[in-house]
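Structure data follow from query.txt (compact mmCIF, C-alpha atoms):
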# COMPACT_ATOMS: atom_id res chain seq x y z
CA MET A 1 2.91 25.00 19.89
CA LYS A 2 -0.24 23.13 20.81
CA LEU A 3 -2.56 21.65 18.21
CA LYS A 4 -5.69 19.59 18.59
CA LEU A 5 -4.93 16.75 16.19
CA ASN A 6 -7.87 14.51 15.39
CA GLY A 7 -9.28 15.39 18.79
CA THR A 8 -6.05 14.80 20.74
CA ASP A 9 -3.91 17.59 22.25
CA SER A 10 -0.49 17.43 20.61
CA GLU A 11 2.76 19.39 20.77
CA ILE A 12 4.08 20.29 17.29
CA THR A 13 6.96 22.45 15.98
CA ASP A 14 6.07 26.14 15.71
CA GLY A 15 5.08 27.44 12.29
CA ILE A 16 4.68 24.03 10.66
CA THR A 17 2.72 23.88 7.39
CA VAL A 18 0.07 21.29 6.54
CA THR A 19 2.62 19.62 4.24
CA GLY A 20 5.14 19.57 7.10
CA LEU A 21 2.60 18.10 9.50
CA LEU A 22 1.65 15.30 7.09
CA GLU A 23 5.36 14.53 6.54
CA THR A 24 5.96 14.41 10.30
CA LEU A 25 3.03 12.03 10.69
CA LYS A 26 4.16 9.98 7.65
CA ILE A 27 0.79 10.41 5.97
CA GLU A 28 0.48 10.26 2.19
CA PRO A 29 -1.31 13.52 1.20
CA GLY A 30 -3.06 11.91 -1.77
CA ARG A 31 -5.27 9.71 0.38
CA VAL A 32 -6.52 12.19 2.96
CA ALA A 33 -8.49 15.40 3.41
CA VAL A 34 -7.49 18.04 5.95
CA GLU A 35 -9.68 20.45 7.85
CA VAL A 36 -8.36 23.27 10.05
CA ASN A 37 -10.83 24.92 12.45
CA LEU A 38 -13.73 23.42 10.44
CA HIS A 39 -12.44 24.81 7.10
CA ILE A 40 -11.18 22.41 4.45
CA VAL A 41 -7.62 23.08 3.29
CA LYS A 42 -7.30 22.39 -0.44
CA LYS A 43 -4.43 20.14 -1.47
CA CYS A 44 -2.85 22.93 -3.49
CA ASP A 45 -2.68 25.04 -0.30
CA TYR A 46 -0.94 22.43 1.90
CA ASP A 47 2.51 24.01 1.29
CA ALA A 48 1.37 27.56 2.02
CA HIS A 49 -0.98 26.93 4.94
CA THR A 50 0.90 27.56 8.19
CA LEU A 51 -0.69 26.19 11.33
CA LYS A 52 -1.12 28.37 14.41
CA ASP A 53 -1.04 27.61 18.12
CA GLY A 54 -4.43 26.32 19.23
CA ASP A 55 -5.57 25.20 15.76
CA SER A 56 -7.87 22.23 15.60
CA VAL A 57 -6.77 19.94 12.77
CA GLU A 58 -8.73 17.00 11.42
CA ILE A 59 -7.13 14.53 9.03
CA VAL A 60 -9.55 12.02 7.52
CA ASN A 61 -9.35 9.12 5.10
CA PHE A 62 -11.60 6.35 3.84
CA VAL A 63 -12.37 3.30 5.93
CA GLY A 64 -14.64 0.32 5.37
CA GLY A 65 -18.32 1.27 5.31
CA GLY A 66 -21.60 0.48 3.61
CA MET B 1 -27.80 -8.07 -22.82
CA LEU B 2 -26.21 -5.71 -25.29
CA ASN B 3 -26.74 -2.01 -24.60
CA ASP B 4 -27.98 -2.63 -21.10
CA LYS B 5 -25.43 -0.47 -19.36
CA LEU B 6 -26.34 1.54 -16.30
CA ILE B 7 -25.39 5.16 -16.84
CA ILE B 8 -25.70 7.89 -14.19
CA ARG B 9 -24.76 11.45 -15.17
CA GLY B 10 -22.62 10.14 -17.99
CA ILE B 11 -20.78 7.63 -15.82
CA GLU B 12 -21.02 4.11 -17.21
CA PHE B 13 -21.21 1.22 -14.76
CA ARG B 14 -19.92 -2.28 -15.49
CA SER B 15 -22.07 -4.01 -12.89
CA ARG B 16 -25.44 -3.44 -11.32
CA LEU B 17 -24.18 -4.78 -8.02
CA TRP B 18 -22.75 -2.13 -5.70
CA VAL B 19 -21.02 -3.22 -2.52
CA GLY B 20 -19.90 -1.82 0.80
CA THR B 21 -16.58 -2.39 2.52
CA GLY B 22 -17.67 -2.50 6.17
CA LYS B 23 -17.70 -5.40 8.64
CA TYR B 24 -15.13 -7.62 6.88
CA LYS B 25 -12.53 -9.59 8.85
CA ASP B 26 -9.67 -7.67 7.20
CA PHE B 27 -8.78 -5.73 4.06
CA GLU B 28 -7.71 -8.90 2.25
CA GLU B 29 -11.12 -10.48 2.68
CA THR B 30 -12.74 -7.17 1.63
CA ALA B 31 -10.70 -7.05 -1.56
CA LYS B 32 -11.32 -10.70 -2.42
CA ALA B 33 -15.09 -10.51 -1.84
CA ILE B 34 -15.40 -7.38 -3.95
CA GLU B 35 -13.37 -8.87 -6.77
CA VAL B 36 -15.49 -12.03 -6.82
CA SER B 37 -18.74 -10.00 -6.69
CA GLY B 38 -17.86 -8.28 -9.96
CA ALA B 39 -19.01 -4.95 -8.47
CA ASP B 40 -17.48 -1.75 -9.74
CA VAL B 41 -19.02 0.64 -7.24
CA VAL B 42 -17.54 0.37 -3.78
CA THR B 43 -18.83 2.39 -0.83
CA VAL B 44 -16.51 3.70 1.85
CA ALA B 45 -16.87 5.81 5.00
CA VAL B 46 -14.99 8.98 5.99
CA ARG B 47 -13.26 8.74 9.35
CA ARG B 48 -10.28 10.18 11.23
CA THR B 49 -6.94 8.84 10.01
CA ASN B 50 -5.18 6.77 12.63
CA ILE B 51 -2.27 9.18 13.07
CA PHE B 52 -0.66 7.44 16.02
CA ASP B 53 -0.39 3.95 14.52
CA LYS B 54 2.24 4.19 11.78
CA LYS B 55 1.52 0.64 10.65
CA SER B 56 -2.18 1.17 10.00
CA GLU B 57 -3.04 0.36 6.41
CA ASN B 58 -5.17 2.35 4.00
CA LEU B 59 -8.30 0.77 2.52
CA LEU B 60 -7.42 2.26 -0.87
CA ASP B 61 -4.24 0.14 -0.94
CA TYR B 62 -6.61 -2.82 -1.33
CA ILE B 63 -9.41 -1.20 -3.33
CA ASP B 64 -7.75 0.52 -6.27
CA PRO B 65 -9.61 3.74 -7.20
CA GLU B 66 -8.39 3.26 -10.78
CA LYS B 67 -10.26 -0.04 -10.95
CA TYR B 68 -13.34 0.71 -8.84
CA LYS B 69 -15.68 3.69 -8.58
CA ILE B 70 -15.36 4.88 -5.01
CA LEU B 71 -18.67 5.97 -3.49
CA PRO B 72 -18.04 7.73 -0.16
CA ASN B 73 -20.93 7.84 2.28
CA THR B 74 -22.01 10.17 5.05
CA ALA B 75 -22.89 7.28 7.35
CA GLY B 76 -23.17 8.16 11.01
CA CYS B 77 -24.34 11.72 10.33
CA TYR B 78 -27.48 12.79 12.17
CA THR B 79 -27.68 16.41 10.98
CA MET B 80 -27.61 18.11 7.61
CA GLU B 81 -24.54 20.12 8.67
CA ASP B 82 -22.57 16.99 9.56
CA ALA B 83 -23.55 15.29 6.30
CA LEU B 84 -22.37 18.33 4.30
CA ARG B 85 -19.09 18.37 6.24
CA TYR B 86 -18.41 14.68 5.59
CA ALA B 87 -19.40 14.97 1.92
CA ARG B 88 -17.06 17.91 1.33
CA LEU B 89 -14.19 16.15 3.11
CA ALA B 90 -14.85 13.04 1.02
CA ARG B 91 -14.62 15.01 -2.21
CA GLU B 92 -11.45 16.78 -1.07
CA THR B 93 -9.57 13.46 -1.03
CA GLY B 94 -9.73 13.83 -4.80
CA VAL B 95 -11.02 10.32 -5.43
CA SER B 96 -14.67 10.92 -6.29
CA ASP B 97 -17.48 13.44 -6.87
CA LEU B 98 -20.05 10.78 -6.02
CA ILE B 99 -21.66 10.90 -2.61
CA LYS B 100 -23.95 8.40 -0.97
CA LEU B 101 -25.92 10.83 1.14
CA GLU B 102 -27.17 9.43 4.43
CA VAL B 103 -28.67 11.61 7.12
CA ILE B 104 -29.89 9.32 9.83
CA GLY B 105 -33.00 10.25 11.79
CA ASP B 106 -33.27 7.43 14.29
CA GLU B 107 -30.59 5.41 16.05
CA LYS B 108 -32.53 2.18 16.40
CA THR B 109 -33.89 1.81 12.87
CA LEU B 110 -31.24 3.94 11.10
CA PHE B 111 -34.10 5.30 9.01
CA PRO B 112 -33.21 8.48 7.16
CA ASP B 113 -34.22 11.99 8.19
CA ALA B 114 -36.19 12.94 5.08
CA CYS B 115 -36.17 16.72 5.64
CA ALA B 116 -32.42 16.91 6.30
CA THR B 117 -31.69 14.56 3.38
CA LEU B 118 -33.72 16.76 1.02
CA LYS B 119 -31.98 19.99 2.10
CA ALA B 120 -28.52 18.40 1.92
CA THR B 121 -29.27 16.99 -1.55
CA GLU B 122 -30.16 20.44 -2.82
CA ILE B 123 -26.99 22.04 -1.43
CA LEU B 124 -24.59 19.30 -2.55
CA ALA B 125 -26.12 19.07 -6.04
CA LYS B 126 -25.56 22.83 -6.44
CA GLU B 127 -21.94 22.32 -5.38
CA GLY B 128 -21.48 19.84 -8.23
CA PHE B 129 -21.67 16.58 -6.34
CA ILE B 130 -23.31 13.56 -7.94
CA VAL B 131 -25.75 13.00 -5.10
CA LEU B 132 -27.17 9.54 -4.45
CA PRO B 133 -29.43 9.85 -1.42
CA TYR B 134 -30.48 6.96 0.81
CA ILE B 135 -34.19 7.23 1.59
CA ASN B 136 -37.12 5.30 2.90
CA ASP B 137 -39.29 3.46 0.36
CA ASP B 138 -41.28 6.67 -0.08
CA PRO B 139 -42.42 7.53 -3.63
CA VAL B 140 -43.22 11.18 -2.82
CA MET B 141 -39.82 11.76 -1.23
CA ALA B 142 -38.18 10.13 -4.26
CA LEU B 143 -39.76 12.78 -6.52
CA ARG B 144 -38.79 15.61 -4.18
CA LEU B 145 -35.19 14.41 -4.20
CA VAL B 146 -35.12 14.26 -7.99
CA ASP B 147 -36.38 17.87 -8.07
CA ALA B 148 -33.64 18.78 -5.59
CA GLY B 149 -30.99 17.43 -7.96
CA ALA B 150 -30.42 13.79 -6.93
CA ALA B 151 -28.67 11.86 -9.73
CA ALA B 152 -30.27 8.62 -8.57
CA VAL B 153 -32.47 7.67 -5.66
CA MET B 154 -31.63 4.84 -3.28
CA PRO B 155 -34.64 3.55 -1.35
CA LEU B 156 -34.01 1.00 1.37
CA ALA B 157 -35.35 -2.54 1.07
CA ALA B 158 -35.45 -2.81 4.87
CA PRO B 159 -33.43 -1.34 7.77
CA ILE B 160 -29.65 -1.29 7.26
CA GLY B 161 -28.08 -4.61 8.17
CA SER B 162 -31.46 -6.24 8.91
CA GLY B 163 -31.42 -8.77 6.05
CA LEU B 164 -35.23 -8.64 5.84
CA GLY B 165 -35.32 -8.18 2.05
CA ILE B 166 -37.76 -5.96 0.18
CA ARG B 167 -40.58 -5.28 2.61
CA ASN B 168 -42.65 -3.09 0.33
CA PRO B 169 -42.20 -4.11 -3.30
CA TYR B 170 -45.28 -2.08 -4.28
CA ASN B 171 -43.75 1.17 -3.08
CA ILE B 172 -40.52 0.33 -4.90
CA LYS B 173 -42.61 -0.30 -8.04
CA ILE B 174 -44.31 3.08 -7.69
CA ILE B 175 -40.92 4.78 -7.23
CA LEU B 176 -39.68 3.01 -10.38
CA GLU B 177 -42.68 4.19 -12.36
CA GLN B 178 -42.63 7.78 -11.21
CA ALA B 179 -39.04 8.84 -10.60
CA LYS B 180 -37.23 9.39 -13.88
CA VAL B 181 -33.75 8.67 -12.50
CA PRO B 182 -31.98 5.37 -11.82
CA ILE B 183 -33.23 3.60 -8.70
CA VAL B 184 -30.76 1.70 -6.56
CA VAL B 185 -32.10 -0.45 -3.74
CA ASP B 186 -29.84 0.31 -0.82
CA ALA B 187 -29.77 -1.62 2.45
CA GLY B 188 -31.71 -4.44 4.01
CA VAL B 189 -31.21 -7.31 1.58
CA GLY B 190 -30.23 -10.61 3.18
CA THR B 191 -29.48 -13.11 0.47
CA ALA B 192 -29.35 -13.68 -3.28
CA SER B 193 -33.12 -14.09 -3.76
CA ASP B 194 -33.72 -10.64 -2.19
CA VAL B 195 -31.36 -9.13 -4.74
CA ALA B 196 -33.06 -11.00 -7.59
CA VAL B 197 -36.46 -9.69 -6.46
CA ALA B 198 -35.16 -6.10 -6.50
CA MET B 199 -33.76 -6.52 -9.99
CA GLU B 200 -36.91 -8.29 -11.26
CA LEU B 201 -38.94 -5.30 -10.10
CA GLY B 202 -36.85 -3.23 -12.48
CA CYS B 203 -34.42 -1.56 -10.10
CA ASP B 204 -31.28 -0.30 -11.80
CA ALA B 205 -28.85 -1.64 -9.22
CA VAL B 206 -28.61 -3.02 -5.70
CA LEU B 207 -26.24 -1.75 -3.02
CA LEU B 208 -25.44 -4.11 -0.17
CA ASN B 209 -22.79 -4.73 2.47
CA THR B 210 -23.81 -6.87 5.43
CA ALA B 211 -25.43 -9.58 3.28
CA ILE B 212 -21.95 -10.44 1.95
CA ALA B 213 -19.67 -9.39 4.82
CA GLY B 214 -21.86 -11.06 7.44
CA ALA B 215 -22.35 -14.36 5.58
CA LYS B 216 -20.62 -17.47 6.94
CA ASP B 217 -18.60 -17.56 3.73
CA PRO B 218 -18.44 -14.00 2.38
CA ILE B 219 -16.55 -14.95 -0.78
CA SER B 220 -19.19 -17.50 -1.85
CA MET B 221 -21.99 -15.07 -1.01
CA ALA B 222 -20.25 -12.40 -3.11
CA GLU B 223 -20.38 -14.79 -6.06
CA ALA B 224 -24.04 -15.60 -5.36
CA MET B 225 -24.88 -11.88 -5.38
CA LYS B 226 -23.10 -11.40 -8.68
CA HIS B 227 -25.30 -14.06 -10.30
CA ALA B 228 -28.46 -12.82 -8.53
CA VAL B 229 -28.10 -9.35 -10.02
CA ILE B 230 -27.52 -10.74 -13.51
CA ALA B 231 -30.38 -13.27 -13.22
CA GLY B 232 -32.79 -10.69 -11.84
CA ARG B 233 -31.96 -8.16 -14.53
CA LEU B 234 -32.32 -10.75 -17.32
CA ALA B 235 -35.67 -11.89 -15.94
CA TYR B 236 -36.88 -8.28 -15.76
CA ARG B 237 -35.86 -7.64 -19.36
CA ALA B 238 -37.33 -10.96 -20.50
CA GLY B 239 -40.74 -10.11 -18.96
CA ARG B 240 -42.25 -12.59 -16.56
CA ILE B 241 -45.51 -14.48 -17.19
CA GLN B 242 -48.74 -13.41 -15.55
CA ARG B 243 -49.64 -15.04 -12.24
CA LYS B 244 -52.76 -17.23 -12.52
CA LEU B 245 -54.76 -19.09 -9.94
CA TYR B 246 -55.24 -22.28 -11.97
CA ALA B 247 -52.99 -24.57 -13.96
CA THR B 248 -52.31 -24.44 -17.70
CA ALA B 249 -50.86 -27.66 -19.11
CA SER B 250 -47.45 -27.37 -20.74
CA SER B 251 -47.85 -30.56 -22.81
CA PRO B 252 -50.44 -30.72 -25.66
CA ILE B 253 -53.70 -32.63 -25.34
CA GLU B 254 -53.57 -33.38 -29.09
CA GLY B 255 -51.98 -36.70 -29.94
CA MET B 256 -52.78 -38.30 -26.64
CA LEU B 257 -53.81 -41.99 -26.77
Reformat the file's structure so that it appears as structure tokens.
Amino acid sequence: MKLKLNGTDSEITDGITVTGLLETLKIEPGRVAVEVNLHIVKKCDYDAHTLKDGDSVEIVNFVGGG
Amino acid sequence: MLNDKLIIRGIEFRSRLWVGTGKYKDFEETAKAIEVSGADVVTVAVRRTNIFDKKSENLLDYIDPEKYKILPNTAGCYTMEDALRYARLARETGVSDLIKLEVIGDEKTLFPDACATLKATEILAKEGFIVLPYINDDPVMALRLVDAGAAAVMPLAAPIGSGLGIRNPYNIKIILEQAKVPIVVDAGVGTASDVAVAMELGCDAVLLNTAIAGAKDPISMAEAMKHAVIAGRLAYRAGRIQRKLYATASSPIEGML
């Protein structure tokens, strides 16, 4: 299925969960926040939240700033 | 300086110097400068994770959230909606309830949008954030923000990254007298003396980034800033002498030949 991942069109396995996506991308869940279609997904829901074709997913973390 | 701890909403701060993490050469230099500065509040920005570069490092591998208080910002946001979105994402990382609220109103000066900042403060405070808004050196706005639920108010010394120092010490003084929350001078300081001036005015802390990161030797400047905050605070507590137009001799006349 197609996902918009941090603004980039990406092809990802059907029915993947947020946890699965982070594992695929080798991203440590503790250091990020995830938003799907402008709604924040709480960490406790990462396992249960299944992504759908066409979802827009944003994964953010902290970078240097003032 | 016993019992001179800065406390905001029950959070105790070790240092009155707060530092940013932007514009450094690399994460190692960032970590070293912050350690030398003695700061315990460290600001960070919220941005997209680099998902395609598996080797990209995480800032928090260098700045331990157990050791430092992480203060996420909403830098780069030009609308209230964007600032709320960034603030909520920042909190969802699970590292901090603090938010340095910035809603920018003008690209060239990076001055804040006062109306949007006020509305966002009200909403985020109701959601349980510890809101620390960045504002102009405007005493009336400082009071409005306190009413809206700001835990502290952070007036700028001068435009972000300008290094001009405190341009309107009298407004900062009025803010200090009127707003009954901690006041943190945020942005625009250039060197150690600017920081000392802010602290001598009675400000509770100073937040800076470029003044250290942009110095020729950031590590030495970090150390200078550490001393400037301590010196300025001590001088404020000690109470400076009155300014006078004419001289007063320090040595006695009595006993002269």
Determine which residues of chain A sit within 6 Å of chain B, taking into account all atoms listed in the file, and present them as a list of chain:residue names.
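Applying the cut-off to the listed atoms yields A:Arg31, A:Val32, A:Ala33, A:Ile59, A:Val60, A:Asn61, A:Phe62, A:Val63, A:Gly64, A:Gly65, A:Gly66.
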Find the residues around Ala238 of chain B up to 12 Å (only C-alpha atoms counted), leave out those fewer than 2 positions away in its own chain, and share them as a list in words.
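The residues that qualify are Met1, Met199, Glu200, Leu201, Gly202, Ala231, Gly232, Arg233, Leu234, Ala235, Tyr236, Arg240 and Ile241 of chain B.
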Polymer residues at most 12 Å from (-42.3, -1.6, -7.6) by all atoms listed in the file, as a ChimeraX atom specification
/B:137-139,155,157,166-179,183,185,197-204,236
I want to know what sits within 12 Å of Ile7 of chain B, based on only C-alpha atoms, with residues of the same chain fewer than 6 positions away left out; could you give that as a list in words?
Phe13, Arg14, Ser15, Arg16, Ala151, Ala152, Val181, Pro182, Ile183, Asp204 and Ala205 of chain B
Taking into account only C-alpha atoms, which residue in the set B:Gly165, B:Lys25, B:Ala148, B:Glu102 is nearest to Lys216 of chain B?
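Among B:Gly165, B:Lys25, B:Ala148, B:Glu102, it is B:Lys25 that comes nearest to Lys216 of chain B.
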Atom CA of Glu28 of chain A to atom CA of Glu28 of chain B, straight-line distance in Å
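Between atom CA of Glu28 of chain B and atom CA of Glu28 of chain A the gap works out to 20.8 Å.
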For Gly54 of chain A, which residue out of A:Gly30, A:Asn6, A:Thr19, A:Asn37 is the nearest one, using only C-alpha atoms?
A:Asn37
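If you look at atom CA of Lys32 of chain B and atom CA of Ile130 of chain B, they are 27.6 Å away from each other.
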Might you pull out every residue within 6 Å of Val18 of chain A, with all atoms listed in the file counted and same-chain residues fewer than 2 positions away left off, and present them as a PyMOL selection string?
chain A and resi 20-21+46+49
What does the distance between atom CA of Gly190 of chain B and atom CA of Gly105 of chain B come to in Å, to one decimal place?
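We find that atom CA of Gly190 of chain B and atom CA of Gly105 of chain B lie 22.7 Å from each other.
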Given only C-alpha atoms as the counted atoms, nearest of B:Ile135, B:Met225, B:Thr121, B:Thr109 to Ser37 of chain B:
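Of the candidates, the smallest distance to Ser37 of chain B is held by B:Met225.
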